[in-house]
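Visitor: Pasting in a structure now, in structure tokens, and then I'll have a few things to ask.
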Amino acid sequence: MDPSLDRNFSKTIGNAALQEAIYSATGRLVEKRRSALPAPAVFESWREQARLVKQHTLENLDHYLERLEANLTARGAKVVYARGGGEVADYLAGLAKEKEARLVVKSKSMTTEEIHLNGLLEDARLEVVETDLGEFIVQLARERPYHIVAPALHKTRYDVADLFTRTLNVERENLPEKQTKIARRVLREKFLAADIGVTGANFLVAESGAIVLVENEGNARLSSSAPRVHVAIAGIEKVIPRAQDLAVFLKLLGRSATGQPLTVYTSYLSGPRRAGELDGPDELHLVLLDNGRTKLLADRNKREALYCIRCGACLNHCPVYRKIGGHHYPWVYSGPIGAVITPHFMGIHEEPWLPYASSLCGACAEVCPVKIDLPGALLKLRQETVKAEVGGVHGRWERLAFRFWAWLMCRPRLYEMAGLMISMLSRDREGAGWMRSAPWLMNFGPLRAWSAGRDLPPPPGRSFRAMWRARLKSGKGD
Amino acid sequence: MVEVLERLGWGVDFPENQTCCGQPAYNSGYWEEARAVARHFLRVFRDAEYVVLPSGSCASMLLHRYGELFRNEPEWLQAAEKLRPRVWEFSRFLLEVARVEDVGARFEGVVTYHDSCHALRELGVREGPRRLLSRVRGLELKEMQPAEECCGFGGTFAVKFPAVSTGMAQSKVKAILDSGADTVVSVDASCLMQIQGAMARAGHTIRGMHLAEILATR
């Protein structure tokens with residue numbers, strides 16, 4: 001692995017204030033989730049049901065997408081498909097031109113983050129305003145989301161105070177409640193003036209032709225109803241068959257993400273405003289995005305990564321995420337799910353270290369509401385990485401090392417001798433071990449990496465094999 | 001482990017030509033190399049009545065990964081399947097095969113138990129070791145919070161990402177210190193190497209012991 005990676009990580013790990021921010025925020029989410037869960041058997045049955053629904057839908061994706069499109073179109077919505085971010089931006093820019101729109105308000109959406117939509121729209125001379133508080137903060141700071149569910153998780157209230165004073169030209173406020181009021185004041189103006197509202201979608205219900213939005217702040221509801229035009233942008237994997245299937249997902253999503261039995265707002269949008277209705281946009285557009293999803297769908301081994309409902313529980317429970325935070329991950333999706341899906345979108349040649357940045361502890365899979373085998377997917381990605389020989393010079397050394405290791409492991413006598421040699425090499429007169437007796441060894445590869453922060457175990461006084469033989473000789477154990 | 005098993009009346013053999021289950025290569029993506037080592041393992045242990053492992057991680061490799069590893073080698077897949085019901089992690093063997101909780105051990109000390117990830121999440125080993133420890137005379141069991149968080153070892157992860165791995169170990173060490181225990185116990189030697197390595201570096205004197213070592217003490 002590239003040592004500069006680890007050096008970057010250690011900057012985050014060494015930053016006590018940032019560590020505290022990450023630990024307390026993820027810790028709170030872990031606790032809240034735990035206290036919101038039903039009895040284990042009930043929870044397990046929900047997970048199983050949700051997984052089966054996702055599995056079934058994705059294996060019949062064409063059918064359900066067509067149903068969704070037909071049903072939404074029948075009620076006056078427009079459904080379009082986009083291969084990547086460029087096509088989404090082109091569509092929106094065209095729409096904005098047609099409507100003479102200048103201002104776009106957005107609710108929180110990882111799908112739009114994934115294609116860097118804001119930048120693309122700004123290139124098309126549109127003003128884009130994030131209206132989710134966390135996203136608003138991140139946008140002002142010109143950063144990307146730190147976490148799938150809590151984008152500004154890494155910002156303390158003092159960071160936010162600094163940011164608001166600097167960018168919004170307001171009096172400094174350290175209290176989160178007052179900061180929220182400031183954001184609210186700024187955003188209300190934007191909602192009222194906006195021409196287009198962009199949202200994501202948590203679920204798309206095929207049989208009803210509906211877009212479902214789940215949120216706590218009411219900003220997605222405003223984004224989708226206040227402006228004349230609402231554009232929802234969703235990955236094609238968001239579709240589920242029926243409204244009744246939604247129940248289990250709503251129960252799982254709120255609990256897994258924030259420990260809520262149900263989020264504050266759940267919007268069920270099935271078309272633009274109809275004649276006689278008071279609320280809602282004149283036009284509703286749904287952009288269905290591929291952006292690599294069909295490629296992942298084609299991969300039988302890892303297809304289940306598309307089951308993800310973006311709850312963020314795997315991040316909160318991941319000891320690696322809790323150390324390195326969200327910004328070291330190469331893409332907007334961080335944590336275990338990010339490590340699994342990113343290589344599919346970027347290609348395994350791009351960031352070959354990513355599947356390896358896990359101790360494979362399995363805490364992610366244990367909490368995943370749709371039971372994605374995340375460690376299993378990482379193991380398969382590692383195998384693909386090795387097969388594709390993307391490791392460069394370092395990879396060649398590693399390959400040689402494993403080849404030699406396997407050769408040795410199939411030769412018990414040599415293996416034993418190697419063990420004795422290492423033991424002898426590492427023993428000095430006081431029996432104090434490695435570091436003092438063979439300091440030169442400590443400058444190399446794995447030993448150096450290990451001993452940077454940990455001692456090596458002292459060499460055993462006597463090998464197990466020696467003790468075993470002595471026992472056999474003494475007649476014990478027969 | 002040998003002492004405990006023999007004390008309970010089991011005949012123990014240690015095939016001296018054994019080496020490794022192949023997990024280090026498997027987890028690093030070198031499945032070809034892992035297969036070579038796994039074949040050796042299957043050859044060595046083919047005829048054993050039970051294979052008892054003092055490691056949740058190795059047991060999990062045998063129980064849950066050999067199938068995938070030998071998916072395209074029917075002969076070896078069959079060998080792995082035949083061995084599978086005879087493969088036991090040490091604490092589960094004591095409780096479910098030998099059916100004992102009290103192995104007649106005595107250990108004076110305050111002990112905290114670290115859940116090894118693979119034992120916990122892949123083998124369901126949670127209450128077992130705690131039950132075994134609670135029956136040891138003189139032993140006081142104190143839980144650390146959280147006991148179930150990874151120690152950060154993770155095989156080659158420990159040396160590929162030393163800063164992250166060591167950071168995780170330090171969090172674990174803090175949990176151990178906060179528990180007030182003088183000994184930390186695990187069912188995996190690799191977790192212990194990681195935890196002890198970090199503790200030694202920080203100058204702490206808490207002992208790390210394998211469950212088998214505690215149960216062998218009288």
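The way I read the labels, and the way they are meant: chains A, B, ... in the order of the structure tokens, residue 1 as the first residue of every chain, and ligand 1 as the first ligand shown, with later ones counted on from there.
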Against chain B, which residues of chain A fall within 8 Å? For each one I want the closest pair of atoms and the distance in Å (one decimal), counting only C-alpha atoms, rows by chain and increasing residue number, as a Markdown table.
Guide:
| residue | atom | partner | partner_atom | distance |
| --- | --- | --- | --- | --- |
| A:Met1 | CA | B:Lys160 | CA | 6.0 |
| A:Asp6 | CA | B:Phe161 | CA | 5.8 |
| A:Arg7 | CA | B:Ala163 | CA | 7.5 |
| A:Phe9 | CA | B:Ala163 | CA | 6.9 |
| A:Ser10 | CA | B:Ala163 | CA | 5.5 |
| A:Ile13 | CA | B:Gly167 | CA | 7.0 |
| A:Pro319 | CA | B:Met168 | CA | 6.9 |
| A:Val320 | CA | B:Val164 | CA | 6.8 |
| A:Lys323 | CA | B:Val164 | CA | 6.6 |
| A:Ile324 | CA | B:Val164 | CA | 7.3 |
| A:Tyr356 | CA | B:Phe157 | CA | 6.7 |
| A:Ala357 | CA | B:Phe157 | CA | 6.7 |
| A:Ser358 | CA | B:Phe157 | CA | 6.6 |
| A:Ser359 | CA | B:Gly154 | CA | 3.9 |
| A:Leu360 | CA | B:Gly154 | CA | 6.3 |
| A:Cys361 | CA | B:Cys117 | CA | 5.1 |
| A:Gly362 | CA | B:Arg121 | CA | 6.6 |
| A:Ala363 | CA | B:Arg121 | CA | 7.8 |
| A:Glu366 | CA | B:Arg121 | CA | 7.4 |
| A:Leu379 | CA | B:Asn27 | CA | 6.1 |
| A:Lys380 | CA | B:Gly29 | CA | 7.3 |
| A:Leu381 | CA | B:Gly29 | CA | 7.8 |
| A:Arg382 | CA | B:Gly29 | CA | 4.6 |
| A:Gln383 | CA | B:Gly29 | CA | 3.7 |
| A:Glu384 | CA | B:Gly29 | CA | 7.3 |
| A:Thr385 | CA | B:Gly29 | CA | 7.3 |
| A:Val386 | CA | B:Gly29 | CA | 5.8 |
| A:Arg399 | CA | B:Tyr30 | CA | 7.8 |
| A:Phe402 | CA | B:Ala25 | CA | 6.6 |
| A:Arg403 | CA | B:Glu33 | CA | 6.2 |
| A:Ala406 | CA | B:Glu33 | CA | 5.5 |
| A:Met409 | CA | B:Thr19 | CA | 5.7 |
| A:Cys410 | CA | B:Val37 | CA | 6.0 |
| A:Arg411 | CA | B:Asn17 | CA | 8.0 |
| A:Pro412 | CA | B:Asn17 | CA | 4.9 |
| A:Arg413 | CA | B:Asn17 | CA | 7.3 |
| A:Tyr415 | CA | B:Thr19 | CA | 7.4 |
| A:Pro446 | CA | B:Val159 | CA | 5.3 |
| A:Leu447 | CA | B:Val159 | CA | 7.7 |
| A:Ala449 | CA | B:Val159 | CA | 5.1 |
| A:Trp450 | CA | B:Val159 | CA | 5.5 |
| A:Ala452 | CA | B:Pro162 | CA | 7.4 |
| A:Gly453 | CA | B:Thr166 | CA | 6.0 |
| A:Arg454 | CA | B:Gly197 | CA | 4.5 |
| A:Asp455 | CA | B:Gly197 | CA | 4.3 |
| A:Leu456 | CA | B:Gly197 | CA | 5.8 |
| A:Pro457 | CA | B:Met193 | CA | 6.5 |
| A:Arg465 | CA | B:Glu16 | CA | 7.3 |
| A:Trp468 | CA | B:Phe14 | CA | 7.8 |
| A:Gly477 | CA | B:Val12 | CA | 7.1 |
| A:Asp478 | CA | B:Gly11 | CA | 7.5 |
Visitor: Write the selection just made, keeping C-alpha atoms, as a JSON list (two decimals), in the first residue's frame?
Guide:
[["chain", "number", "residue", "atom", "x", "y", "z"],
["A", 1, "MET", "CA", 0.00, 0.00, 0.00],
["A", 6, "ASP", "CA", -1.61, 5.83, 6.02],
["A", 7, "ARG", "CA", 0.11, 9.11, 6.81],
["A", 9, "PHE", "CA", -5.16, 8.71, 7.84],
["A", 10, "SER", "CA", -2.96, 9.33, 10.83],
["A", 13, "ILE", "CA", -6.60, 9.94, 13.78],
["A", 319, "PRO", "CA", -14.34, 0.95, 13.44],
["A", 320, "VAL", "CA", -12.35, 2.05, 10.38],
["A", 323, "LYS", "CA", -11.12, 6.40, 12.85],
["A", 324, "ILE", "CA", -10.61, 7.89, 9.41],
["A", 356, "TYR", "CA", -8.17, -3.67, 1.87],
["A", 357, "ALA", "CA", -8.99, -0.84, 4.26],
["A", 358, "SER", "CA", -11.06, -3.11, 6.48],
["A", 359, "SER", "CA", -10.26, -5.47, 9.32],
["A", 360, "LEU", "CA", -13.18, -7.62, 8.07],
["A", 361, "CYS", "CA", -14.73, -7.43, 11.52],
["A", 362, "GLY", "CA", -18.22, -7.81, 10.10],
["A", 363, "ALA", "CA", -19.91, -5.18, 12.28],
["A", 366, "GLU", "CA", -24.42, -7.40, 11.35],
["A", 379, "LEU", "CA", -13.02, -10.35, -0.01],
["A", 380, "LYS", "CA", -14.19, -10.84, -3.58],
["A", 381, "LEU", "CA", -12.97, -7.39, -4.55],
["A", 382, "ARG", "CA", -9.57, -8.22, -3.08],
["A", 383, "GLN", "CA", -9.43, -11.34, -5.16],
["A", 384, "GLU", "CA", -10.34, -9.37, -8.28],
["A", 385, "THR", "CA", -7.69, -6.79, -7.45],
["A", 386, "VAL", "CA", -5.03, -9.49, -7.18],
["A", 399, "ARG", "CA", 2.54, -11.71, -4.81],
["A", 402, "PHE", "CA", 2.46, -14.98, -0.73],
["A", 403, "ARG", "CA", 3.75, -17.48, -3.25],
["A", 406, "ALA", "CA", 2.19, -20.86, 0.43],
["A", 409, "MET", "CA", 3.14, -23.76, 4.38],
["A", 410, "CYS", "CA", 2.96, -26.90, 2.29],
["A", 411, "ARG", "CA", 6.36, -28.04, 3.64],
["A", 412, "PRO", "CA", 5.91, -28.68, 7.37],
["A", 413, "ARG", "CA", 9.57, -29.50, 8.07],
["A", 415, "TYR", "CA", 8.01, -24.38, 8.14],
["A", 446, "PRO", "CA", 5.44, -5.32, 7.54],
["A", 447, "LEU", "CA", 7.70, -5.36, 10.61],
["A", 449, "ALA", "CA", 4.51, -1.07, 9.90],
["A", 450, "TRP", "CA", 3.74, -3.23, 12.90],
["A", 452, "ALA", "CA", 5.44, 1.83, 14.50],
["A", 453, "GLY", "CA", 2.76, 1.65, 17.17],
["A", 454, "ARG", "CA", 2.94, -1.79, 18.71],
["A", 455, "ASP", "CA", 5.49, -4.09, 20.30],
["A", 456, "LEU", "CA", 6.08, -7.53, 18.87],
["A", 457, "PRO", "CA", 5.34, -10.48, 21.09],
["A", 465, "ARG", "CA", 6.27, -28.64, 18.82],
["A", 468, "TRP", "CA", 4.67, -31.73, 22.31],
["A", 477, "GLY", "CA", -0.86, -37.94, 26.51],
["A", 478, "ASP", "CA", -0.92, -41.44, 25.05]]
Visitor: If you count only C-alpha atoms, which residues fall within 12 Å of Arg322 in chain A, apart from same-chain ones fewer than 3 positions away, as a ChimeraX atom specification?
Guide: /A:9,12-13,18-27,30,146-147,153-154,313-319,325-328,334-336,358 /B:149-150,152,164-165,167-168,171
Visitor: When you count only C-alpha atoms, which of these residues is closest to Pro146 in chain B: A:Leu252, A:Arg462, A:Glu31, A:Leu400?
Guide: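 With only C-alpha atoms as the atom set, the closest residue is A:Glu31.
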Visitor: Need to verify the contact set: Gln49 in chain A, 10 Å, only C-alpha atoms, exclusion of same-chain residues closer than 3 positions in sequence. Can you return it as a ChimeraX atom specification?
Guide: /A:43-46,52-55,245,248-249,369-370
Visitor: Any chance you could export the current selection's N, CA and C atoms as a compact mmCIF listing (two decimals), in the first residue's frame?
Guide:
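File written: out.txt
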# COMPACT_ATOMS: atom_id res chain seq x y z
N PHE A 43 -36.86 -8.10 14.23
CA PHE A 43 -35.95 -7.33 13.39
C PHE A 43 -35.40 -8.21 12.28
N GLU A 44 -35.02 -9.42 12.63
CA GLU A 44 -34.48 -10.34 11.64
C GLU A 44 -35.51 -10.64 10.54
N SER A 45 -36.76 -10.76 10.93
CA SER A 45 -37.79 -11.06 9.92
C SER A 45 -38.00 -9.85 9.00
N TRP A 46 -37.89 -8.64 9.53
CA TRP A 46 -37.97 -7.45 8.68
C TRP A 46 -36.82 -7.44 7.67
N LEU A 52 -35.52 -9.85 0.54
CA LEU A 52 -36.21 -10.61 -0.51
C LEU A 52 -36.89 -9.69 -1.51
N VAL A 53 -37.48 -8.60 -1.00
CA VAL A 53 -38.13 -7.64 -1.90
C VAL A 53 -37.10 -7.04 -2.85
N LYS A 54 -35.97 -6.64 -2.29
CA LYS A 54 -34.92 -6.04 -3.12
C LYS A 54 -34.38 -7.04 -4.14
N GLN A 55 -34.18 -8.24 -3.66
CA GLN A 55 -33.65 -9.29 -4.54
C GLN A 55 -34.60 -9.53 -5.71
N ASP A 245 -45.07 -2.98 0.10
CA ASP A 245 -43.68 -3.34 0.38
C ASP A 245 -42.94 -2.21 1.08
N VAL A 248 -42.14 -2.19 5.29
CA VAL A 248 -40.98 -2.77 5.96
C VAL A 248 -39.75 -1.88 5.77
N PHE A 249 -39.65 -1.23 4.63
CA PHE A 249 -38.49 -0.36 4.39
C PHE A 249 -38.54 0.90 5.25
N PRO A 369 -29.60 -3.33 7.23
CA PRO A 369 -31.03 -3.66 7.24
C PRO A 369 -31.47 -4.53 6.07
N VAL A 370 -30.63 -4.64 5.03
CA VAL A 370 -30.99 -5.53 3.93
C VAL A 370 -29.98 -6.67 3.79
Visitor: Run DSSP on the backbone and give me the residues of range 75-139 of chain B it puts in alpha helix (DSSP H), as a list in words.
Guide: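 Here is the list: Glu75, Trp76, Leu77, Gln78, Ala79, Ala80, Glu81, Lys82, Leu83, Phe90, Ser91, Arg92, Cys117, Leu123, Glu127, Gly128, Pro129, Arg130, Arg131, Leu132, Leu133 and Ser134 of chain B.
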Visitor: Got time to write the residues from that selection, N, CA and C atoms, as a PDB file, in the first residue's frame?
Guide:
ATOM      1  N   GLU B  75     -13.597 -32.248  -5.951  1.00  0.00           N
ATOM      2  CA  GLU B  75     -12.971 -33.238  -5.080  1.00  0.00           C
ATOM      3  C   GLU B  75     -12.611 -32.621  -3.732  1.00  0.00           C
ATOM      4  N   TRP B  76     -12.014 -31.430  -3.789  1.00  0.00           N
ATOM      5  CA  TRP B  76     -11.610 -30.761  -2.551  1.00  0.00           C
ATOM      6  C   TRP B  76     -12.802 -30.153  -1.824  1.00  0.00           C
ATOM      7  N   LEU B  77     -13.780 -29.749  -2.608  1.00  0.00           N
ATOM      8  CA  LEU B  77     -15.001 -29.229  -2.006  1.00  0.00           C
ATOM      9  C   LEU B  77     -15.640 -30.314  -1.151  1.00  0.00           C
ATOM     10  N   GLN B  78     -15.653 -31.532  -1.701  1.00  0.00           N
ATOM     11  CA  GLN B  78     -16.225 -32.652  -0.971  1.00  0.00           C
ATOM     12  C   GLN B  78     -15.429 -32.931   0.305  1.00  0.00           C
ATOM     13  N   ALA B  79     -14.114 -32.878   0.191  1.00  0.00           N
ATOM     14  CA  ALA B  79     -13.263 -33.100   1.366  1.00  0.00           C
ATOM     15  C   ALA B  79     -13.559 -32.052   2.440  1.00  0.00           C
ATOM     16  N   ALA B  80     -13.744 -30.804   2.005  1.00  0.00           N
ATOM     17  CA  ALA B  80     -14.029 -29.730   2.954  1.00  0.00           C
ATOM     18  C   ALA B  80     -15.390 -29.932   3.596  1.00  0.00           C
ATOM     19  N   GLU B  81     -16.363 -30.346   2.785  1.00  0.00           N
ATOM     20  CA  GLU B  81     -17.717 -30.583   3.305  1.00  0.00           C
ATOM     21  C   GLU B  81     -17.723 -31.727   4.308  1.00  0.00           C
ATOM     22  N   LYS B  82     -16.916 -32.738   4.026  1.00  0.00           N
ATOM     23  CA  LYS B  82     -16.874 -33.893   4.932  1.00  0.00           C
ATOM     24  C   LYS B  82     -16.226 -33.535   6.261  1.00  0.00           C
ATOM     25  N   LEU B  83     -15.275 -32.629   6.197  1.00  0.00           N
ATOM     26  CA  LEU B  83     -14.586 -32.251   7.439  1.00  0.00           C
ATOM     27  C   LEU B  83     -15.436 -31.282   8.269  1.00  0.00           C
ATOM     28  N   PHE B  90     -12.741 -23.902  19.948  1.00  0.00           N
ATOM     29  CA  PHE B  90     -12.475 -24.489  21.271  1.00  0.00           C
ATOM     30  C   PHE B  90     -13.635 -24.311  22.262  1.00  0.00           C
ATOM     31  N   SER B  91     -14.120 -23.078  22.452  1.00  0.00           N
ATOM     32  CA  SER B  91     -15.145 -22.859  23.483  1.00  0.00           C
ATOM     33  C   SER B  91     -16.448 -23.571  23.104  1.00  0.00           C
ATOM     34  N   ARG B  92     -16.762 -23.581  21.817  1.00  0.00           N
ATOM     35  CA  ARG B  92     -17.983 -24.273  21.401  1.00  0.00           C
ATOM     36  C   ARG B  92     -17.837 -25.781  21.554  1.00  0.00           C
ATOM     37  N   CYS B 117     -13.880 -10.876  16.489  1.00  0.00           N
ATOM     38  CA  CYS B 117     -14.923 -10.608  15.488  1.00  0.00           C
ATOM     39  C   CYS B 117     -15.436 -11.870  14.798  1.00  0.00           C
ATOM     40  N   LEU B 123     -19.345 -17.206  14.000  1.00  0.00           N
ATOM     41  CA  LEU B 123     -19.579 -18.485  14.681  1.00  0.00           C
ATOM     42  C   LEU B 123     -20.598 -18.361  15.806  1.00  0.00           C
ATOM     43  N   GLU B 127     -21.908 -15.897  24.425  1.00  0.00           N
ATOM     44  CA  GLU B 127     -22.102 -16.230  25.840  1.00  0.00           C
ATOM     45  C   GLU B 127     -21.171 -17.351  26.281  1.00  0.00           C
ATOM     46  N   GLY B 128     -20.803 -18.227  25.347  1.00  0.00           N
ATOM     47  CA  GLY B 128     -20.038 -19.422  25.682  1.00  0.00           C
ATOM     48  C   GLY B 128     -18.788 -19.169  26.515  1.00  0.00           C
ATOM     49  N   PRO B 129     -17.853 -18.379  26.000  1.00  0.00           N
ATOM     50  CA  PRO B 129     -16.624 -18.138  26.755  1.00  0.00           C
ATOM     51  C   PRO B 129     -16.904 -17.480  28.107  1.00  0.00           C
ATOM     52  N   ARG B 130     -17.937 -16.634  28.148  1.00  0.00           N
ATOM     53  CA  ARG B 130     -18.280 -15.969  29.415  1.00  0.00           C
ATOM     54  C   ARG B 130     -18.808 -16.986  30.418  1.00  0.00           C
ATOM     55  N   ARG B 131     -19.583 -17.955  29.902  1.00  0.00           N
ATOM     56  CA  ARG B 131     -20.088 -19.000  30.801  1.00  0.00           C
ATOM     57  C   ARG B 131     -18.924 -19.825  31.334  1.00  0.00           C
ATOM     58  N   LEU B 132     -18.003 -20.185  30.455  1.00  0.00           N
ATOM     59  CA  LEU B 132     -16.842 -20.975  30.886  1.00  0.00           C
ATOM     60  C   LEU B 132     -16.017 -20.202  31.914  1.00  0.00           C
ATOM     61  N   LEU B 133     -15.830 -18.914  31.665  1.00  0.00           N
ATOM     62  CA  LEU B 133     -15.036 -18.098  32.590  1.00  0.00           C
ATOM     63  C   LEU B 133     -15.739 -17.942  33.933  1.00  0.00           C
ATOM     64  N   SER B 134     -17.057 -17.841  33.885  1.00  0.00           N
ATOM     65  CA  SER B 134     -17.787 -17.603  35.138  1.00  0.00           C
ATOM     66  C   SER B 134     -17.718 -18.816  36.067  1.00  0.00           C
TER      67      SER B 134
END
Visitor: Using only C-alpha atoms, which of A:Cys364, A:Ala226, A:Cys308, A:Ala210 sits nearest Ala74 in chain A?
Guide: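 Answer, going by the shortest atom-to-atom distance: A:Ala210.
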Visitor: Name the residues of range 66-315 of chain A that fall into strand (DSSP E or B) according to DSSP on the backbone, using the chain letters and numbers of this document, as a compact mmCIF listing (two decimals) with C-alpha atoms, in the first residue's frame.
Guide:
# COMPACT_ATOMS: atom_id res chain seq x y z
CA LYS A 78 -42.30 12.88 -17.14
CA VAL A 79 -39.83 10.00 -16.75
CA VAL A 80 -36.40 10.06 -18.36
CA TYR A 81 -33.37 7.81 -18.17
CA ALA A 82 -29.81 9.04 -17.80
CA LEU A 103 -32.50 29.31 -8.96
CA VAL A 104 -32.57 25.64 -7.97
CA VAL A 105 -33.28 24.47 -4.43
CA LYS A 106 -32.18 20.98 -3.54
CA GLU A 127 -27.66 28.98 -8.68
CA VAL A 128 -28.03 25.83 -6.62
CA VAL A 129 -28.87 25.90 -2.92
CA GLU A 130 -28.75 22.88 -0.64
CA ILE A 196 -36.90 24.35 -9.81
CA GLY A 197 -36.80 21.99 -6.85
CA VAL A 198 -34.48 19.01 -7.07
CA THR A 199 -34.83 16.05 -4.74
CA PHE A 203 -38.07 4.64 -2.84
CA LEU A 204 -39.96 4.45 -6.10
CA VAL A 205 -43.17 2.46 -5.98
CA ALA A 210 -44.92 7.08 -6.73
CA ILE A 211 -41.81 8.82 -5.49
CA VAL A 212 -41.22 8.44 -1.76
CA LEU A 213 -39.14 10.95 0.17
CA VAL A 214 -38.04 10.36 3.74
CA GLU A 215 -36.68 13.26 5.80
CA VAL A 229 -41.04 22.36 -11.31
CA HIS A 230 -39.97 19.35 -9.28
CA VAL A 231 -37.22 17.11 -10.58
CA ALA A 232 -36.52 13.93 -8.66
CA ILE A 233 -33.26 12.17 -9.44
CA ALA A 234 -32.97 8.55 -8.41
CA GLY A 235 -30.82 5.53 -9.07
CA VAL A 239 -37.72 0.91 -7.28
CA ILE A 240 -39.84 -1.49 -5.22
CA TYR A 265 -41.84 13.54 7.12
CA THR A 266 -42.65 10.82 4.64
CA SER A 267 -43.85 12.22 1.32
CA TYR A 268 -45.63 10.09 -1.22
CA LEU A 269 -45.65 11.92 -4.54
CA GLU A 283 -44.49 19.71 -13.50
CA LEU A 284 -42.92 16.58 -12.08
CA HIS A 285 -39.89 14.97 -13.70
CA LEU A 286 -38.22 11.79 -12.64
CA VAL A 287 -34.68 11.18 -13.84
CA LEU A 288 -33.65 7.55 -13.48
CA LEU A 289 -29.90 7.28 -13.26
Visitor: Quick one, how far is CA of Leu121 in chain A from CA of Ala93 in chain A?
Guide: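 Those two atoms sit 6.9 Å apart.
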Visitor: Using only C-alpha atoms, determine which residues lie at most 7 Å from Val187 in chain B, disregarding the query and same-chain residues fewer than 4 positions distant; provide the list as a ChimeraX atom specification.
Guide: /B:54-56,116,210-211
Visitor: If you count only C-alpha atoms, which residues fall within 8 Å of Thr112 in chain B, apart from same-chain ones fewer than 6 positions away, as a short mmCIF file (atom, residue, chain, number, x, y, z; two decimals) with C-alpha atoms, in the first residue's frame?
Guide:
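And here is the file that came out, result-v1.cif:
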data_model
loop_
_atom_site.label_atom_id
_atom_site.label_comp_id
_atom_site.auth_asym_id
_atom_site.auth_seq_id
_atom_site.Cartn_x
_atom_site.Cartn_y
_atom_site.Cartn_z
CA LEU B 141 -15.46 -11.33 35.20
CA LYS B 142 -15.85 -7.65 34.35
CA GLU B 143 -17.26 -6.53 31.01
CA MET B 144 -15.50 -3.85 29.01
CA ILE B 176 -9.86 -2.73 28.71
CA SER B 179 -13.06 -2.12 32.81
CA ALA B 181 -9.58 -5.87 34.82
CA ASP B 182 -6.01 -7.12 35.24
CA THR B 183 -6.30 -9.75 32.51
CA VAL B 184 -7.85 -9.65 29.05
CA VAL B 185 -9.04 -12.93 27.56
#
Visitor: Quote the spacing between CA of Ala161 in chain A and CA of Ala141 in chain A in Å to one decimal place.
Guide: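 One can read the CA of Ala161 in chain A to CA of Ala141 in chain A distance as 11.7 Å.
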